[in-house]
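Input: a single structure, listed below in structure tokens.
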Amino acid sequence: TKMNVLEILLNRRWILKSRDRELYYQVKEKLASGEEKKFLREKLGYQVIVNPYLIKVEKMPAVPENWMGILDFKEPVEYVFFCLVLMFLEEKEAEEQFVLSELTEYVQSQYEGEQIDWTVYRYRRHMIKVMKYCTACGILNIDDGSEEGFARDYTGEVLYENTGASRYFMKNFTQDIMGYHSPEDFEKGEWIDVNEDRGIVRRQRLLMSMGMYKDSDSEEDFAYVRNYRNMIQGELSELFDCELQVHRNSAFLILNENSHLGRCFPEENTLSDIVLLFNRILQEKLQTGEIQVPLDEQIRIPREAFQRLAEECRERFGAAWNKTYREMTFGEIYREMADYMKELMLIEEKQDEIVIRQAAGKIMGVYPADFVLEGGQNE
């Protein structure tokens, strides 16, 4: 179906012919009609790249958000290593082979700021994470060996093959970025055309984010969504099985069961379940008046109070979680839960306060009435 192609393109970074030959040709054929390209260009401001290696939609967000990074990377040094790998591959042809030591020497010579010593396990660990990401996303193939050898000993070799995809990983910038000094420079330089058409920004925010909120920056955008909700709902529901829900200070694009648009919440994992149960406790406190909703609907509570809610969640429902979470300390569970909620823009941390976004009030979880927790008590 038409809908399917858009979902596939928006879900993935790219479709590589070398890894998904059949899908590559199916999507290429569907794109030939021009309809999807037109929607992506006119409604979302996205360009579509089709070449003999891959098909890719250049997804440039109007508003950069914290979940848009490479979530496998936790440290800035990993991003730096990754950029150096991309630079190294610029000089390589598609299908050209090289060994890991050639790359690690290059990284060592180009890295500015500190001396990279590969005998130190920490640096090798960061490099391995980057290399695993490169093979997972299709920039490199491993022809011989594995990263485990390098993990044990810095002389461990791996034979890689360049797929040719690395040149399309970064967006082609319209201006020389050597003069840029801050993230804001990228926004100013690259987002200008998109920001001129606010309609594009508004649709992007609905499609890309957990929710769109009304604040001093987004007042106009929000008014547009509210006034043209039927038109936007019509445009989007033709392409995706979804429903646009607009409230006083927030708007959400709710996807139906058979629509898979990128990463959605809840996901099929215990962490999602924990957050759903946490949201339920939060809603109980709102009903009893223990927690008040201010006029702007942004609930702010002290960090300690937020932690207490998480503790209550674990006390009441923890027995039903999988073994991994049952065996974790509360501190570990809390960190994972808070990081996950931040990543999904359900909460924001501000000094000693936690701001709970409206999306947390939108969806909650309840164990079924006949679900018996260990220890025999019913929930």
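Going by the structure tokens order, chains are called A, B, ..., each with residues numbered from 1, while ligands are numbered from 1 in the order shown.
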Using only C-alpha atoms, which protein or nucleic acid residues come within 8 Å of segment 96-100 of chain A? Drop anything in the same chain fewer than 2 positions from it, and give the result as a PyMOL selection string. chain A and resi 92-94+102-104+157-163
For the residues in the current selection, export C-alpha atoms as an mmCIF file, in the first residue's frame.
data_model
loop_
_atom_site.group_PDB
_atom_site.id
_atom_site.type_symbol
_atom_site.label_atom_id
_atom_site.label_comp_id
_atom_site.auth_asym_id
_atom_site.auth_seq_id
_atom_site.Cartn_x
_atom_site.Cartn_y
_atom_site.Cartn_z
ATOM 1 C CA LYS A 92 37.788 4.663 0.472
ATOM 2 C CA GLU A 93 35.930 3.231 -2.511
ATOM 3 C CA ALA A 94 32.835 1.053 -2.110
ATOM 4 C CA GLU A 102 44.727 1.384 9.838
ATOM 5 C CA LEU A 103 41.605 3.096 11.172
ATOM 6 C CA THR A 104 42.751 3.317 14.808
ATOM 7 C CA GLU A 157 42.770 -7.126 14.095
ATOM 8 C CA VAL A 158 39.460 -7.034 12.196
ATOM 9 C CA LEU A 159 39.117 -6.926 8.406
ATOM 10 C CA TYR A 160 36.368 -4.530 7.335
ATOM 11 C CA GLU A 161 34.812 -3.711 4.000
ATOM 12 C CA ASN A 162 33.489 -0.254 3.176
ATOM 13 C CA THR A 163 29.949 -0.483 1.759
#
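The neighbours of Arg13 of chain A here are the residues that come within 8 Å of it, using only C-alpha atoms and leaving out any residue fewer than 3 positions away in the same chain; they are Leu9, Leu10, Lys56 and Val57 of chain A.
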Run DSSP on the backbone and give me the residues of segment 104-315 of chain A it puts in strand (DSSP E or B), as an MDAnalysis selection string. chainID A and resid 140:144 159:162 212:213 242:246 250:255 299:302
From a DSSP pass on the backbone, collect the residues of segment 38-114 of chain A flagged as alpha helix (DSSP H) and hand them back as a PyMOL selection string. chain A and resi 38-44+76-90+100-110
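Each of A:Leu23, A:Val201, A:Cys313, A:Val246 was compared to Gly45 of chain A using only C-alpha atoms, and A:Val201 turns out to be the nearest.
The space separating atom CA of Met127 of chain A from atom CA of Gln115 of chain A comes to 14.3 Å.
Comparing the minimum interatomic distances between Phe317 of chain A and each of A:Glu148, A:Glu95, A:Asp273, A:Glu78, counting only C-alpha atoms, we find that A:Asp273 sits nearest.
Every protein, DNA or RNA residue with an atom at most 10 Å from Gln110 of chain A, where only C-alpha atoms count and chain neighbours fewer than 2 positions away do not, is listed here: Phe81, Leu84, Met87, Phe88, Thr104, Glu105, Tyr106, Val107, Gln108, Glu112, Gly113 and Ile116 of chain A.
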Expected file: the selected residues, N, CA and C atoms, as a PDB file, in the first residue's frame:
ATOM      1  N   PHE A  81      34.697   9.858  17.603  1.00  0.00           N
ATOM      2  CA  PHE A  81      35.256   8.694  16.899  1.00  0.00           C
ATOM      3  C   PHE A  81      34.435   8.394  15.644  1.00  0.00           C
ATOM      4  N   LEU A  84      35.197  10.706  12.867  1.00  0.00           N
ATOM      5  CA  LEU A  84      36.515  10.399  12.298  1.00  0.00           C
ATOM      6  C   LEU A  84      36.441   9.158  11.406  1.00  0.00           C
ATOM      7  N   MET A  87      35.143  10.369   8.191  1.00  0.00           N
ATOM      8  CA  MET A  87      36.205  11.075   7.445  1.00  0.00           C
ATOM      9  C   MET A  87      37.165  10.073   6.788  1.00  0.00           C
ATOM     10  N   PHE A  88      37.534   9.051   7.551  1.00  0.00           N
ATOM     11  CA  PHE A  88      38.444   8.010   7.066  1.00  0.00           C
ATOM     12  C   PHE A  88      37.845   7.318   5.829  1.00  0.00           C
ATOM     13  N   THR A 104      42.429   2.810  13.458  1.00  0.00           N
ATOM     14  CA  THR A 104      42.751   3.317  14.808  1.00  0.00           C
ATOM     15  C   THR A 104      43.952   4.268  14.755  1.00  0.00           C
ATOM     16  N   GLU A 105      44.897   4.007  13.837  1.00  0.00           N
ATOM     17  CA  GLU A 105      46.030   4.939  13.670  1.00  0.00           C
ATOM     18  C   GLU A 105      45.541   6.295  13.180  1.00  0.00           C
ATOM     19  N   TYR A 106      44.599   6.242  12.225  1.00  0.00           N
ATOM     20  CA  TYR A 106      44.031   7.478  11.678  1.00  0.00           C
ATOM     21  C   TYR A 106      43.321   8.270  12.784  1.00  0.00           C
ATOM     22  N   VAL A 107      42.508   7.579  13.574  1.00  0.00           N
ATOM     23  CA  VAL A 107      41.758   8.239  14.657  1.00  0.00           C
ATOM     24  C   VAL A 107      42.737   8.885  15.628  1.00  0.00           C
ATOM     25  N   GLN A 108      43.805   8.138  15.952  1.00  0.00           N
ATOM     26  CA  GLN A 108      44.818   8.650  16.888  1.00  0.00           C
ATOM     27  C   GLN A 108      45.471   9.925  16.348  1.00  0.00           C
ATOM     28  N   GLU A 112      41.832  15.532  18.325  1.00  0.00           N
ATOM     29  CA  GLU A 112      42.422  16.713  18.975  1.00  0.00           C
ATOM     30  C   GLU A 112      41.968  16.771  20.421  1.00  0.00           C
ATOM     31  N   GLY A 113      42.795  17.325  21.273  1.00  0.00           N
ATOM     32  CA  GLY A 113      42.345  17.533  22.653  1.00  0.00           C
ATOM     33  C   GLY A 113      43.018  16.606  23.635  1.00  0.00           C
ATOM     34  N   ILE A 116      45.040   9.725  22.378  1.00  0.00           N
ATOM     35  CA  ILE A 116      44.290   8.463  22.434  1.00  0.00           C
ATOM     36  C   ILE A 116      45.293   7.312  22.541  1.00  0.00           C
TER      37      ILE A 116
END
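Of note, atom CA of Gly156 of chain A and atom CA of Leu71 of chain A are spaced 26.6 Å apart.
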Can you tell me which residues surround segment 294-306 of chain A at a distance of at most 9 Å, considering only C-alpha atoms, apart from same-chain residues fewer than 2 positions away, and format the answer as a PyMOL selection string? chain A and resi 214-215+249-250+291-292+308-311+349+351-358
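For the residues A:Leu271, A:Ile363, A:Leu282, A:Cys137, ranking by smallest atom-to-atom distance to Asp339 of chain A using only C-alpha atoms places A:Leu271 first.
Proximity to Asp153 of chain A was assessed for A:Tyr111, A:Trp118, A:Phe278, A:Phe265 counting only C-alpha atoms; the smallest distance is recorded for A:Trp118.
Atom CA of Gly164 of chain A sits 15.4 Å away from atom CA of Arg21 of chain A.
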I'd like the neighbourhood of Arg326 of chain A as a ChimeraX atom specification, where a residue qualifies if any of its atoms comes within 12 Å (using only C-alpha atoms), though same-chain residues fewer than 3 positions away should be ignored. /A:270-271,274,314-315,317-323,329-330,332-333,374
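Near Ala165 of chain A, within 9 Å and counting only C-alpha atoms, sit Leu16, Tyr53, Leu54, Ala94, Gly138, Ile139, Leu140, Asn162, Thr163, Arg167, Tyr168 and Phe169 of chain A; same-chain residues fewer than 2 positions away were not included.
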Take the residues that were just selected and, keeping C-alpha atoms, output them as an mmCIF file, in the first residue's frame.
data_model
loop_
_atom_site.group_PDB
_atom_site.id
_atom_site.type_symbol
_atom_site.label_atom_id
_atom_site.label_comp_id
_atom_site.auth_asym_id
_atom_site.auth_seq_id
_atom_site.Cartn_x
_atom_site.Cartn_y
_atom_site.Cartn_z
ATOM 1 C CA LEU A 16 20.523 -0.359 1.549
ATOM 2 C CA TYR A 53 23.361 2.033 -3.216
ATOM 3 C CA LEU A 54 20.413 3.161 -1.170
ATOM 4 C CA ALA A 94 32.835 1.053 -2.110
ATOM 5 C CA GLY A 138 25.332 -0.766 7.123
ATOM 6 C CA ILE A 139 28.329 1.553 6.743
ATOM 7 C CA LEU A 140 30.744 -1.381 7.142
ATOM 8 C CA ASN A 162 33.489 -0.254 3.176
ATOM 9 C CA THR A 163 29.949 -0.483 1.759
ATOM 10 C CA ARG A 167 28.971 9.217 2.284
ATOM 11 C CA TYR A 168 25.201 9.465 2.659
ATOM 12 C CA PHE A 169 25.102 9.223 6.443
#
